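Visitor: Contents of protein.cif (mmCIF, C-alpha atoms) are below:
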data_run
loop_
_atom_site.label_atom_id
_atom_site.label_comp_id
_atom_site.auth_asym_id
_atom_site.auth_seq_id
_atom_site.Cartn_x
_atom_site.Cartn_y
_atom_site.Cartn_z
CA MET X 1 -25.83 -14.86 5.28
CA LEU X 2 -24.41 -13.54 8.56
CA PHE X 3 -20.89 -12.48 9.48
CA SER X 4 -18.85 -14.80 11.68
CA GLU X 5 -19.20 -14.38 15.43
CA THR X 6 -15.45 -13.82 15.59
CA ILE X 7 -15.83 -10.21 14.46
CA LYS X 8 -17.90 -9.40 17.54
CA SER X 9 -15.93 -7.76 20.31
CA ASN X 10 -16.54 -8.22 24.02
CA TYR X 11 -15.18 -4.75 24.71
CA GLN X 12 -17.45 -1.71 24.80
CA PRO X 13 -15.32 1.38 24.08
CA LYS X 14 -15.35 4.22 26.59
CA ARG X 15 -15.11 7.96 25.99
CA LEU X 16 -11.81 9.54 27.02
CA ALA X 17 -11.18 13.20 27.80
CA VAL X 18 -7.76 14.14 26.39
CA LYS X 19 -5.59 17.23 26.51
CA LEU X 20 -2.42 17.65 24.47
CA ASN X 21 0.60 19.90 24.64
CA ALA X 22 0.72 22.88 22.30
CA LYS X 23 2.63 21.07 19.56
CA GLY X 24 0.32 18.06 19.60
CA GLU X 25 -2.77 20.24 19.55
CA GLN X 26 -1.42 22.20 16.58
CA PHE X 27 -0.96 18.98 14.60
CA VAL X 28 -4.53 17.91 15.36
CA VAL X 29 -6.02 21.26 14.39
CA LYS X 30 -4.15 21.10 11.07
CA GLY X 31 -5.69 17.71 10.39
CA HIS X 32 -2.73 15.39 10.95
CA PRO X 33 -4.01 11.87 11.72
CA TRP X 34 -1.41 10.92 14.36
CA VAL X 35 -1.01 11.90 18.02
CA PHE X 36 2.13 10.53 19.65
CA SER X 37 2.25 9.52 23.29
CA ASN X 38 4.63 12.35 24.22
CA SER X 39 2.04 14.90 23.08
CA ILE X 40 -0.54 13.77 25.64
CA VAL X 41 -0.71 15.92 28.78
CA LYS X 42 -3.87 14.48 30.36
CA ILE X 43 -5.95 11.35 29.75
CA ASN X 44 -8.06 8.83 31.70
CA GLU X 45 -5.89 6.34 33.62
CA ASP X 46 -8.01 3.37 32.53
CA ALA X 47 -7.74 4.09 28.77
CA LYS X 48 -7.81 0.99 26.55
CA SER X 49 -7.35 0.38 22.84
CA GLY X 50 -10.47 1.25 20.88
CA ASP X 51 -11.69 3.87 23.32
CA LEU X 52 -12.92 7.11 21.74
CA ALA X 53 -10.48 9.91 22.53
CA ILE X 54 -12.16 13.32 22.72
CA ILE X 55 -9.42 15.94 22.41
CA PHE X 56 -10.06 19.27 24.11
CA SER X 57 -8.14 22.45 23.34
CA LYS X 58 -5.64 23.43 25.98
CA ASN X 59 -7.06 26.85 26.77
CA LYS X 60 -10.66 27.19 25.54
CA ASN X 61 -11.82 23.74 26.58
CA LYS X 62 -13.54 23.11 23.25
CA VAL X 63 -13.33 19.86 21.25
CA VAL X 64 -10.72 20.02 18.46
CA GLY X 65 -10.64 16.38 17.42
CA LEU X 66 -11.85 12.81 17.85
CA GLY X 67 -9.75 9.66 17.55
CA LEU X 68 -9.26 6.08 18.68
CA TYR X 69 -6.87 5.32 21.53
CA ASP X 70 -4.14 2.74 20.81
CA ALA X 71 -2.40 1.49 23.95
CA ALA X 72 0.06 -0.64 21.94
CA SER X 73 1.50 2.06 19.67
CA PRO X 74 3.67 5.15 20.12
CA ILE X 75 1.03 6.75 17.86
CA ARG X 76 -1.26 6.72 20.85
CA ILE X 77 -4.29 8.34 19.23
CA LYS X 78 -5.26 7.69 15.63
CA MET X 79 -7.51 10.50 14.47
CA LEU X 80 -10.95 10.06 12.94
CA HIS X 81 -12.02 13.70 12.81
CA SER X 82 -10.30 17.07 13.31
CA GLY X 83 -11.32 20.71 13.37
CA ALA X 84 -14.03 22.95 14.71
CA GLU X 85 -16.83 21.20 12.81
CA GLN X 86 -18.73 18.90 15.14
CA ALA X 87 -18.94 15.17 14.48
CA VAL X 88 -20.43 12.14 16.21
CA ILE X 89 -18.58 8.85 15.83
CA ASN X 90 -21.38 6.42 15.13
CA THR X 91 -22.70 4.11 12.40
CA ASP X 92 -23.65 7.04 10.15
CA PHE X 93 -20.17 8.58 10.51
CA PHE X 94 -18.42 5.40 9.36
CA HIS X 95 -20.96 4.79 6.60
CA GLN X 96 -20.36 8.27 5.16
CA LYS X 97 -16.56 7.80 5.26
CA ILE X 98 -16.79 4.48 3.41
CA GLN X 99 -19.17 5.93 0.83
CA GLU X 100 -16.83 8.87 0.23
CA ALA X 101 -13.91 6.50 -0.31
CA PHE X 102 -15.94 4.33 -2.69
CA ALA X 103 -17.01 7.39 -4.68
CA GLN X 104 -13.35 8.35 -5.20
CA ARG X 105 -12.72 4.98 -6.86
CA GLN X 106 -15.50 5.26 -9.44
CA GLU X 107 -13.33 6.58 -12.28
CA LEU X 108 -10.98 3.62 -11.88
CA LEU X 109 -13.91 1.19 -11.78
CA GLN X 110 -15.12 2.48 -15.14
CA THR X 111 -12.05 0.79 -16.66
CA ASN X 112 -11.72 -2.97 -17.19
CA THR X 113 -10.55 -3.38 -13.60
CA ASN X 114 -12.20 -5.22 -10.70
CA SER X 115 -9.38 -4.99 -8.15
CA TYR X 116 -8.93 -1.84 -6.10
CA ARG X 117 -8.16 -0.41 -2.69
CA LEU X 118 -11.44 0.58 -1.07
CA ILE X 119 -9.90 1.97 2.14
CA PHE X 120 -6.36 3.38 2.29
CA GLY X 121 -5.83 3.74 6.04
CA GLU X 122 -5.42 7.26 7.40
CA ASN X 123 -5.85 8.75 3.93
CA ASP X 124 -9.48 7.61 3.88
CA GLY X 125 -10.13 8.24 7.57
CA PHE X 126 -9.47 4.68 8.81
CA PRO X 127 -6.01 4.74 10.44
CA GLY X 128 -4.45 1.30 10.80
CA LEU X 129 -6.91 -0.39 8.40
CA ILE X 130 -6.62 -1.38 4.74
CA ALA X 131 -9.43 -2.81 2.61
CA ASP X 132 -8.69 -4.27 -0.83
CA VAL X 133 -11.15 -5.80 -3.28
CA TYR X 134 -10.18 -8.65 -5.61
CA ALA X 135 -13.18 -9.34 -7.89
CA HIS X 136 -15.78 -10.81 -5.49
CA VAL X 137 -13.47 -10.98 -2.42
CA LEU X 138 -12.97 -8.17 0.11
CA VAL X 139 -9.75 -8.45 2.12
CA VAL X 140 -9.47 -6.27 5.22
CA LYS X 141 -6.06 -5.99 6.87
CA LEU X 142 -5.82 -4.68 10.42
CA TYR X 143 -2.63 -3.06 11.70
CA SER X 144 -4.10 -1.97 15.03
CA GLU X 145 -6.44 -3.48 17.60
CA ILE X 146 -8.35 -0.19 17.80
CA TRP X 147 -10.72 -1.50 15.13
CA LEU X 148 -11.69 -4.74 16.86
CA PRO X 149 -14.72 -3.21 18.66
CA TYR X 150 -15.94 -1.65 15.40
CA LEU X 151 -15.65 -4.51 12.90
CA GLU X 152 -19.23 -5.63 13.44
CA THR X 153 -20.33 -2.15 12.32
CA ILE X 154 -17.99 -1.37 9.43
CA LEU X 155 -17.45 -4.74 7.70
CA PRO X 156 -21.07 -5.12 6.52
CA MET X 157 -20.92 -1.59 5.08
CA MET X 158 -17.73 -2.34 3.13
CA ARG X 159 -19.09 -5.65 1.91
CA GLU X 160 -22.34 -4.13 0.71
CA LEU X 161 -20.72 -1.21 -1.14
CA SER X 162 -18.08 -3.40 -2.81
CA ASN X 163 -20.68 -6.09 -3.58
CA ALA X 164 -18.27 -8.69 -2.19
CA GLU X 165 -19.42 -12.27 -1.81
CA THR X 166 -16.61 -13.15 0.61
CA VAL X 167 -14.77 -11.22 3.33
CA VAL X 168 -11.30 -12.21 4.58
CA ILE X 169 -9.52 -10.71 7.59
CA ARG X 170 -5.74 -10.33 7.57
CA LEU X 171 -3.81 -9.33 10.69
CA SER X 172 -0.46 -7.63 11.15
CA ARG X 173 2.21 -9.66 12.96
CA SER X 174 1.71 -7.68 16.16
CA LEU X 175 -2.03 -8.36 16.11
CA GLN X 176 -1.55 -12.06 15.37
CA ASN X 177 0.38 -12.35 18.63
CA LYS X 178 -2.19 -10.41 20.64
CA PRO X 179 -3.91 -12.48 23.36
CA ASN X 180 -7.61 -12.24 24.11
CA GLN X 181 -8.83 -11.60 20.59
CA LYS X 182 -10.72 -14.19 18.59
CA LEU X 183 -9.60 -13.43 15.04
CA VAL X 184 -6.88 -15.33 13.22
CA ASP X 185 -4.95 -14.17 10.17
CA GLY X 186 -6.68 -15.30 6.99
CA ALA X 187 -10.04 -15.93 8.63
CA VAL X 188 -13.03 -16.00 6.28
CA VAL X 189 -15.64 -14.04 8.23
CA TYR X 190 -18.33 -13.84 5.56
CA GLY X 191 -19.24 -16.11 2.67
CA VAL X 192 -17.17 -18.96 1.31
CA LEU X 193 -13.66 -18.88 -0.12
CA GLU X 194 -13.36 -21.75 -2.58
CA SER X 195 -9.64 -21.13 -3.14
CA ALA X 196 -7.04 -18.96 -1.41
CA VAL X 197 -5.96 -17.86 -4.90
CA VAL X 198 -8.44 -15.36 -6.31
CA GLU X 199 -8.37 -14.25 -9.94
CA PHE X 200 -9.03 -10.62 -10.85
CA VAL X 201 -8.62 -8.16 -13.73
CA GLU X 202 -6.36 -5.11 -13.90
CA HIS X 203 -6.84 -2.90 -16.96
CA GLY X 204 -7.85 -5.91 -19.01
CA VAL X 205 -4.98 -8.11 -17.81
CA ASN X 206 -5.72 -11.22 -15.73
CA PHE X 207 -3.94 -11.76 -12.41
CA SER X 208 -4.33 -13.77 -9.23
CA ALA X 209 -3.66 -13.11 -5.56
CA ASN X 210 -3.34 -15.43 -2.60
CA VAL X 211 -5.58 -13.57 -0.18
CA ILE X 212 -4.72 -15.86 2.75
CA LYS X 213 -0.92 -16.14 2.55
CA GLY X 214 0.17 -13.43 0.11
CA HIS X 215 2.02 -10.27 1.19
CA LYS X 216 -0.20 -7.51 2.66
CA THR X 217 -3.65 -8.42 1.32
CA GLY X 218 -2.30 -10.67 -1.43
CA TYR X 219 -1.02 -8.24 -4.05
CA PHE X 220 0.32 -4.70 -4.51
CA LEU X 221 -2.35 -2.53 -6.13
CA ASP X 222 -0.55 0.83 -5.82
CA HIS X 223 1.59 0.33 -8.97
CA ARG X 224 -1.39 -0.49 -11.20
CA ALA X 225 -1.07 2.62 -13.39
CA ASN X 226 2.69 2.13 -13.74
CA ARG X 227 2.24 -1.50 -14.76
CA LYS X 228 -0.23 -0.42 -17.43
CA GLN X 229 2.19 2.26 -18.67
CA VAL X 230 5.16 -0.09 -18.82
CA GLY X 231 3.01 -2.61 -20.67
CA GLU X 232 2.03 -0.05 -23.29
CA TRP X 233 5.70 0.79 -23.90
CA SER X 234 6.81 -2.86 -24.11
CA ASP X 235 5.43 -3.90 -27.51
CA GLY X 236 8.21 -5.66 -29.43
CA LYS X 237 10.69 -5.04 -26.59
CA THR X 238 12.82 -7.11 -24.25
CA VAL X 239 11.99 -6.40 -20.61
CA LEU X 240 13.73 -6.98 -17.26
CA ASP X 241 11.46 -6.84 -14.19
CA VAL X 242 13.60 -6.62 -11.03
CA PHE X 243 12.03 -7.45 -7.64
CA SER X 244 9.19 -8.82 -9.74
CA TYR X 245 7.22 -10.56 -6.94
CA ALA X 246 4.03 -11.84 -8.62
CA GLY X 247 5.05 -10.48 -12.01
CA GLY X 248 2.94 -7.33 -12.24
CA PHE X 249 5.17 -5.48 -14.69
CA SER X 250 6.22 -8.71 -16.42
CA VAL X 251 2.66 -9.85 -17.16
CA HIS X 252 1.58 -6.45 -18.48
CA ALA X 253 4.63 -6.42 -20.74
CA LEU X 254 3.91 -9.91 -22.09
CA TYR X 255 0.24 -9.08 -22.57
CA ASN X 256 1.20 -6.01 -24.60
CA GLY X 257 3.54 -7.83 -26.97
CA ALA X 258 6.99 -7.92 -25.37
CA THR X 259 9.20 -10.42 -27.20
CA ALA X 260 10.98 -11.60 -24.05
CA VAL X 261 10.51 -10.81 -20.37
CA THR X 262 12.80 -11.75 -17.48
CA SER X 263 11.34 -11.72 -13.97
CA LEU X 264 13.96 -11.49 -11.21
CA ASP X 265 13.10 -12.10 -7.57
CA ILE X 266 14.73 -13.69 -4.54
CA SER X 267 11.64 -15.84 -3.95
CA LYS X 268 11.22 -18.91 -6.16
CA GLN X 269 7.63 -19.15 -4.96
CA ALA X 270 6.91 -15.58 -6.10
CA LEU X 271 8.40 -16.38 -9.51
CA GLU X 272 6.13 -19.40 -9.82
CA VAL X 273 3.18 -17.08 -9.18
CA ALA X 274 4.53 -14.64 -11.78
CA VAL X 275 4.71 -17.39 -14.39
CA ALA X 276 1.22 -18.60 -13.46
CA ASN X 277 -0.15 -15.06 -13.72
CA GLY X 278 1.36 -14.73 -17.17
CA LYS X 279 -0.40 -17.90 -18.27
CA LEU X 280 -3.77 -16.43 -17.30
CA ASN X 281 -3.38 -14.32 -20.46
CA ALA X 282 -2.58 -14.99 -24.12
CA TYR X 283 0.95 -13.92 -25.12
CA SER X 284 3.57 -14.92 -27.67
CA GLY X 285 6.76 -13.73 -25.96
CA VAL X 286 9.16 -15.73 -23.80
CA HIS X 287 8.94 -15.50 -20.00
CA ASN X 288 12.26 -16.18 -18.27
CA THR X 289 12.89 -16.16 -14.52
CA ILE X 290 15.95 -15.62 -12.33
CA ALA X 291 15.82 -16.51 -8.63
CA GLY X 292 18.40 -14.75 -6.48
CA ASP X 293 19.58 -11.59 -4.74
CA ALA X 294 18.81 -8.70 -7.09
CA PHE X 295 22.12 -6.86 -6.61
CA LYS X 296 24.20 -9.96 -7.31
CA GLU X 297 22.06 -11.12 -10.22
CA LEU X 298 22.14 -7.70 -11.88
CA GLU X 299 25.93 -7.71 -11.66
CA ASN X 300 25.97 -11.18 -13.22
CA LEU X 301 23.82 -9.99 -16.11
CA ILE X 302 26.18 -7.06 -16.67
CA LYS X 303 29.20 -9.41 -16.72
CA GLN X 304 27.36 -11.52 -19.30
CA GLY X 305 26.90 -8.44 -21.50
CA GLU X 306 23.10 -8.57 -21.28
CA THR X 307 20.93 -5.50 -21.99
CA PHE X 308 17.19 -4.97 -22.17
CA ASP X 309 15.00 -2.45 -23.97
CA VAL X 310 12.98 -1.83 -20.80
CA VAL X 311 14.34 -2.26 -17.25
CA VAL X 312 11.99 -1.90 -14.27
CA ILE X 313 13.48 -1.80 -10.76
CA ASP X 314 10.85 -1.71 -8.01
CA PRO X 315 12.44 -2.80 -4.71
CA PRO X 316 10.74 -3.29 -1.33
CA SER X 317 11.05 -0.55 1.25
CA PHE X 318 14.67 -0.01 2.24
CA ALA X 319 13.96 2.40 5.13
CA LYS X 320 11.38 1.23 7.62
CA GLN X 321 12.93 3.39 10.32
CA ALA X 322 14.83 6.68 10.34
CA SER X 323 18.19 5.02 11.05
CA GLU X 324 17.98 3.17 7.71
CA VAL X 325 17.53 6.21 5.45
CA ASP X 326 21.20 6.75 4.58
CA LEU X 327 21.71 3.09 3.69
CA ALA X 328 18.48 3.14 1.66
CA LYS X 329 19.75 6.07 -0.40
CA LYS X 330 22.97 4.18 -1.14
CA LYS X 331 20.97 1.15 -2.27
CA TYR X 332 18.83 3.28 -4.59
CA ALA X 333 21.99 4.78 -6.08
CA GLN X 334 23.45 1.31 -6.55
CA LEU X 335 20.31 0.07 -8.30
CA ALA X 336 20.21 3.10 -10.59
CA THR X 337 23.86 2.45 -11.50
CA LEU X 338 23.18 -1.21 -12.30
CA GLY X 339 19.99 -0.38 -14.15
CA ALA X 340 21.72 2.14 -16.41
CA GLN X 341 24.28 -0.49 -17.41
CA LEU X 342 21.56 -3.01 -18.25
CA THR X 343 19.37 -0.67 -20.30
CA ALA X 344 19.91 -1.00 -24.05
CA LYS X 345 20.59 1.89 -26.44
CA LYS X 346 17.61 4.25 -26.53
CA GLY X 347 16.04 2.03 -23.87
CA LEU X 348 13.78 2.86 -20.95
CA LEU X 349 14.81 2.60 -17.27
CA VAL X 350 11.99 2.71 -14.72
CA LEU X 351 13.08 3.31 -11.11
CA ALA X 352 10.63 3.15 -8.21
CA SER X 353 10.68 3.54 -4.43
CA CYS X 354 8.11 2.70 -1.76
CA SER X 355 10.21 3.98 1.17
CA SER X 356 8.12 6.76 2.73
CA ARG X 357 11.12 8.00 4.71
CA VAL X 358 13.01 8.70 1.48
CA VAL X 359 11.00 11.62 0.12
CA ALA X 360 10.28 11.93 -3.59
CA GLN X 361 12.67 14.83 -4.22
CA ALA X 362 15.56 12.97 -2.60
CA PHE X 363 14.82 9.85 -4.65
CA PHE X 364 14.67 11.72 -7.96
CA ASP X 365 17.84 13.66 -7.05
CA ILE X 366 19.69 10.38 -6.43
CA ASN X 367 18.60 8.99 -9.78
CA LYS X 368 19.54 12.19 -11.62
CA GLN X 369 22.99 12.31 -10.02
CA VAL X 370 23.71 8.65 -10.80
CA LEU X 371 22.49 8.81 -14.38
CA ASN X 372 24.36 12.06 -15.02
CA SER X 373 27.56 10.31 -13.95
CA SER X 374 26.83 7.25 -16.13
CA GLY X 375 28.17 8.95 -19.23
CA ARG X 376 24.89 8.42 -21.09
CA THR X 377 22.45 11.09 -22.18
CA PHE X 378 18.89 10.67 -20.96
CA GLU X 379 15.67 12.49 -20.26
CA LEU X 380 13.16 12.06 -17.46
CA ILE X 381 9.96 11.52 -19.44
CA LEU X 382 7.50 10.75 -16.64
CA LYS X 383 7.20 11.00 -12.86
CA THR X 384 4.34 9.21 -11.11
CA GLN X 385 3.00 8.57 -7.63
CA HIS X 386 0.20 6.43 -6.21
CA ASP X 387 -2.68 5.21 -8.33
CA SER X 388 -6.08 6.90 -7.87
CA ASP X 389 -7.34 4.38 -5.28
CA HIS X 390 -4.41 5.35 -3.03
CA PRO X 391 -5.22 9.01 -2.28
CA VAL X 392 -2.69 10.88 -0.15
CA ASN X 393 -4.10 13.27 2.45
CA PHE X 394 -1.14 13.81 4.78
CA PRO X 395 2.64 14.04 4.14
CA GLU X 396 3.61 10.68 5.65
CA GLY X 397 0.90 9.01 3.58
CA ALA X 398 2.97 9.55 0.43
CA TYR X 399 5.42 6.72 -0.13
CA LEU X 400 5.34 5.65 -3.79
CA LYS X 401 7.36 7.45 -6.46
CA CYS X 402 8.42 6.28 -9.88
CA GLY X 403 10.61 7.82 -12.59
CA TYR X 404 10.80 6.86 -16.27
CA TYR X 405 14.21 7.59 -17.80
CA ARG X 406 14.64 7.39 -21.58
CA PHE X 407 18.24 7.03 -22.79
CA LEU X 408 19.00 9.00 -25.93
CA ASP X 409 22.01 6.92 -26.95
#
Is it possible to express this structure as structure tokens?
Guide:
Amino acid sequence: MLFSETIKSNYQPKRLAVKLNAKGEQFVVKGHPWVFSNSIVKINEDAKSGDLAIIFSKNKNKVVGLGLYDAASPIRIKMLHSGAEQAVINTDFFHQKIQEAFAQRQELLQTNTNSYRLIFGENDGFPGLIADVYAHVLVVKLYSEIWLPYLETILPMMRELSNAETVVIRLSRSLQNKPNQKLVDGAVVYGVLESAVVEFVEHGVNFSANVIKGHKTGYFLDHRANRKQVGEWSDGKTVLDVFSYAGGFSVHALYNGATAVTSLDISKQALEVAVANGKLNAYSGVHNTIAGDAFKELENLIKQGETFDVVVIDPPSFAKQASEVDLAKKKYAQLATLGAQLTAKKGLLVLASCSSRVVAQAFFDINKQVLNSSGRTFELILKTQHDSDHPVNFPEGAYLKCGYYRFLD
């Protein structure tokens, strides 16, 4: 079977000679994967997205890095290789990178799990590209047009290594609106997709993802280890899963013997998926749902005198730009305050953040300050970050942090 013609690009990338200012060059030499436009001192006037940027040192005229030029982004060059060691960007280069990423996932794949992130963007050497595997389906999401000339080379490699029968392409909003490119969001470029909803297994628990219309690639794989942990601590407990989306924490809790689980999300459609995911497994507990704004619904539950043995609060990113950081911190404090009031005596409160601009230390400091002022005694029993298929190789690549707070009264 052949890949769709739509992955073939009409553009043949050029080689660009690039010089940076001292600050930009320093970042490249240290291995940072981003070069911003204001760091570029000299570059070809006819540079186009996907061109190979060859970065020369300012003084010695030697190559210090190789990257792909992105005309549409303030991150103008997305790095593929840095340092004095020589590299050639060709089929073998990409094949080695994909193999290295796949090798890192092997420990996870020894568990009863067939869903994983094969490529985690910059952290695996593919800036602006995500590749997730759901059982037999490989979903590749593009956030930059720099990869369009290279899809014909790299997609077959990813498919072969992951043993995928079907390959789906997802596009960021900016790419969907890009003229002169043949791909459409949700395109099946290899194999056949019998249903947009694909079933997969996560640590023995059955789930499904809509790989055509779902958020990102269809599901959020980064919290896998946390979902497993919450599940293991939910036997015989009542559980509240706030911002539940497709019910990741809820389903693990039910699977592991929770007596009652409440999934809370603003999206009724997401809650329907959460309920459906639960039914893919055998459980004896009760699965309740609440559709509405989390802050308002949590306050309503407090007014009703409700408490839960386990409360999980995993909101979407509150700070997608620097100007939103202060407001994000206030929202995290508010959620910690509400969560503490809803956690039963000797209960467990799990607080998570996926806002990369709110660093881990700041997030944990907020939680500690709020819980200290709650009047309840507690201990922080566990701090976690990304699961193993989300390696972090540069500071901005770290976004996920999660704290488990056990109340002692």
Visitor: How big is the axis-aligned box around the listed atoms of stretch 64-72 of chain X once 8 Å is added on each side, and where is its centre? Give both in Å to one decimal, as lines of an AutoDock Vina configuration file.
Guide:
center_x = -5.9
center_y = 9.7
center_z = 20.7
size_x = 27.9
size_y = 36.7
size_z = 22.5
Visitor: Using 10 Å as the limit and counting all atoms listed in the file, can you tabulate each residue of stretch 122-230 of chain X that touches stretch 392-407 of chain X, with its shortest atom-to-atom distance in Å and the two atoms involved, as CSV?
Guide:
residue,atom,partner,partner_atom,distance
X:Glu122,CA,X:Gly397,CA,7.6
X:Asn123,CA,X:Asn393,CA,5.1
X:Asp124,CA,X:Asn393,CA,7.9
X:Gly125,CA,X:Asn393,CA,9.4
X:Asp222,CA,X:Leu400,CA,7.9
X:His223,CA,X:Leu400,CA,8.3
X:Asn226,CA,X:Cys402,CA,8.1
X:Val230,CA,X:Tyr404,CA,9.3
Visitor: Restricted to C-alpha atoms, what would the selected residues look like written as a short mmCIF file (atom, residue, chain, number, x, y, z; two decimals), in the frame of the given file?
Guide:
data_model
loop_
_atom_site.label_atom_id
_atom_site.label_comp_id
_atom_site.auth_asym_id
_atom_site.auth_seq_id
_atom_site.Cartn_x
_atom_site.Cartn_y
_atom_site.Cartn_z
CA GLU X 122 -5.42 7.26 7.40
CA ASN X 123 -5.85 8.75 3.93
CA ASP X 124 -9.48 7.61 3.88
CA GLY X 125 -10.13 8.24 7.57
CA ASP X 222 -0.55 0.83 -5.82
CA HIS X 223 1.59 0.33 -8.97
CA ASN X 226 2.69 2.13 -13.74
CA VAL X 230 5.16 -0.09 -18.82
#
Visitor: For the atom pair atom CA of X:Leu171 and atom CA of X:Leu142, what is the interatomic distance in Å to one decimal place?
Guide: 5.1 Å
Visitor: Using only C-alpha atoms, what table do you get, as a tab-separated table, when you list each residue of stretch 158-199 of chain X with an atom no more than 8 Å from stretch 1-24 of chain X, its nearest pair of atoms, and their distance in Å rounded to one decimal, rows by chain then rising number?
Guide:
residue	atom	partner	partner_atom	distance
X:Lys182	CA	X:Thr6	CA	5.6
X:Leu183	CA	X:Thr6	CA	5.9
X:Val189	CA	X:Ser4	CA	4.8
X:Tyr190	CA	X:Phe3	CA	4.9
X:Gly191	CA	X:Met1	CA	7.2
Visitor: Using the chain letters and residue numbers of this document, give as number ranges by chain the residues selected by the PyMOL selection byres ((chain X and resi 372-379) around 6).
Guide: X: 368-371, 380-381, 405-408
Visitor: Between atom CA of X:Gly83 and atom CA of X:Lys62, what is the distance in Å, rounded to a tenth?
Guide: 10.4 Å
Visitor: Give me the result of the PyMOL selection byres ((chain X and resi 112) around 9) on this file, residue by residue, as a list in words.
Guide: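 This file, filtered by the PyMOL selection byres ((chain X and resi 112) around 9), leaves Leu108, Leu109, Gln110, Thr111, Thr113, Asn114, Val201, Glu202, His203, Gly204 and Val205 of chain X.
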Visitor: Please, what distance in Å, to one decimal, runs between atom CA of X:Leu254 and atom CA of X:His136?
Guide: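 Atom-to-atom, atom CA of X:Leu254 and atom CA of X:His136 are spaced 25.8 Å apart.
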Visitor: Check the smallest atom-to-atom distance from each of X:Ser115, X:Asp293, X:Glu160, X:Leu264 to X:Thr217 using only C-alpha atoms, then report the winner.
Guide: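 Checking each candidate against X:Thr217, we get X:Ser115 as the closest.
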Visitor: Got a sec to resolve the PyMOL selection byres ((chain X and resi 287) around 7) on this structure and send the residues as a PDB file with C-alpha atoms, in the frame of the given file?
Guide:
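Result file selection22.pdb:
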ATOM      1  CA  ALA X 260      10.980 -11.600 -24.050  1.00  0.00           C
ATOM      2  CA  VAL X 261      10.510 -10.810 -20.370  1.00  0.00           C
ATOM      3  CA  THR X 262      12.800 -11.750 -17.480  1.00  0.00           C
ATOM      4  CA  GLY X 285       6.760 -13.730 -25.960  1.00  0.00           C
ATOM      5  CA  VAL X 286       9.160 -15.730 -23.800  1.00  0.00           C
ATOM      6  CA  ASN X 288      12.260 -16.180 -18.270  1.00  0.00           C
ATOM      7  CA  THR X 289      12.890 -16.160 -14.520  1.00  0.00           C
TER       8      THR X 289
END
Visitor: May I have the residues within 10 Å of X:Val197 as a PyMOL selection string, using only C-alpha atoms and disregarding those fewer than 4 positions away in the same chain?
Guide: chain X and resi 193+207-214+218
Visitor: Near X:Asp265, counting only C-alpha atoms, which residues have an atom at most 8 Å away, once you skip same-chain residues fewer than 3 positions from it, shown as a PyMOL selection string?
Guide: chain X and resi 242-245+268+270-271+290-294
Visitor: In terms of the shortest atom-to-atom distance over only C-alpha atoms, which of X:Lys58, X:Lys331, X:Lys296, X:Lys42 is closest to X:Glu25?
Guide: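 Among the listed residues, the smallest separation from X:Glu25 belongs to X:Lys58.
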Visitor: Hey, could you patch up stretch 293-300 of chain X with N, CA, C and O atoms and hand it over as an mmCIF file, in the coordinates of the input?
Guide:
data_model
loop_
_atom_site.group_PDB
_atom_site.id
_atom_site.type_symbol
_atom_site.label_atom_id
_atom_site.label_comp_id
_atom_site.auth_asym_id
_atom_site.auth_seq_id
_atom_site.Cartn_x
_atom_site.Cartn_y
_atom_site.Cartn_z
ATOM 1 N N ASP X 293 19.424 -12.947 -5.247
ATOM 2 C CA ASP X 293 19.580 -11.590 -4.740
ATOM 3 C C ASP X 293 19.712 -10.624 -5.916
ATOM 4 O O ASP X 293 20.556 -10.810 -6.799
ATOM 5 N N ALA X 294 18.875 -9.598 -5.933
ATOM 6 C CA ALA X 294 18.810 -8.700 -7.090
ATOM 7 C C ALA X 294 20.160 -8.056 -7.397
ATOM 8 O O ALA X 294 20.574 -7.992 -8.565
ATOM 9 N N PHE X 295 20.852 -7.562 -6.384
ATOM 10 C CA PHE X 295 22.120 -6.860 -6.610
ATOM 11 C C PHE X 295 23.140 -7.796 -7.261
ATOM 12 O O PHE X 295 23.810 -7.423 -8.236
ATOM 13 N N LYS X 296 23.246 -9.001 -6.757
ATOM 14 C CA LYS X 296 24.200 -9.960 -7.310
ATOM 15 C C LYS X 296 23.800 -10.396 -8.714
ATOM 16 O O LYS X 296 24.648 -10.504 -9.619
ATOM 17 N N GLU X 297 22.512 -10.645 -8.911
ATOM 18 C CA GLU X 297 22.060 -11.120 -10.220
ATOM 19 C C GLU X 297 22.168 -10.042 -11.288
ATOM 20 O O GLU X 297 22.462 -10.340 -12.451
ATOM 21 N N LEU X 298 21.961 -8.797 -10.919
ATOM 22 C CA LEU X 298 22.140 -7.700 -11.880
ATOM 23 C C LEU X 298 23.600 -7.584 -12.289
ATOM 24 O O LEU X 298 23.917 -7.370 -13.472
ATOM 25 N N GLU X 299 24.500 -7.737 -11.325
ATOM 26 C CA GLU X 299 25.930 -7.710 -11.660
ATOM 27 C C GLU X 299 26.306 -8.863 -12.578
ATOM 28 O O GLU X 299 27.113 -8.697 -13.500
ATOM 29 N N ASN X 300 25.715 -10.033 -12.340
ATOM 30 C CA ASN X 300 25.970 -11.180 -13.220
ATOM 31 C C ASN X 300 25.500 -10.912 -14.641
ATOM 32 O O ASN X 300 26.193 -11.258 -15.614
#
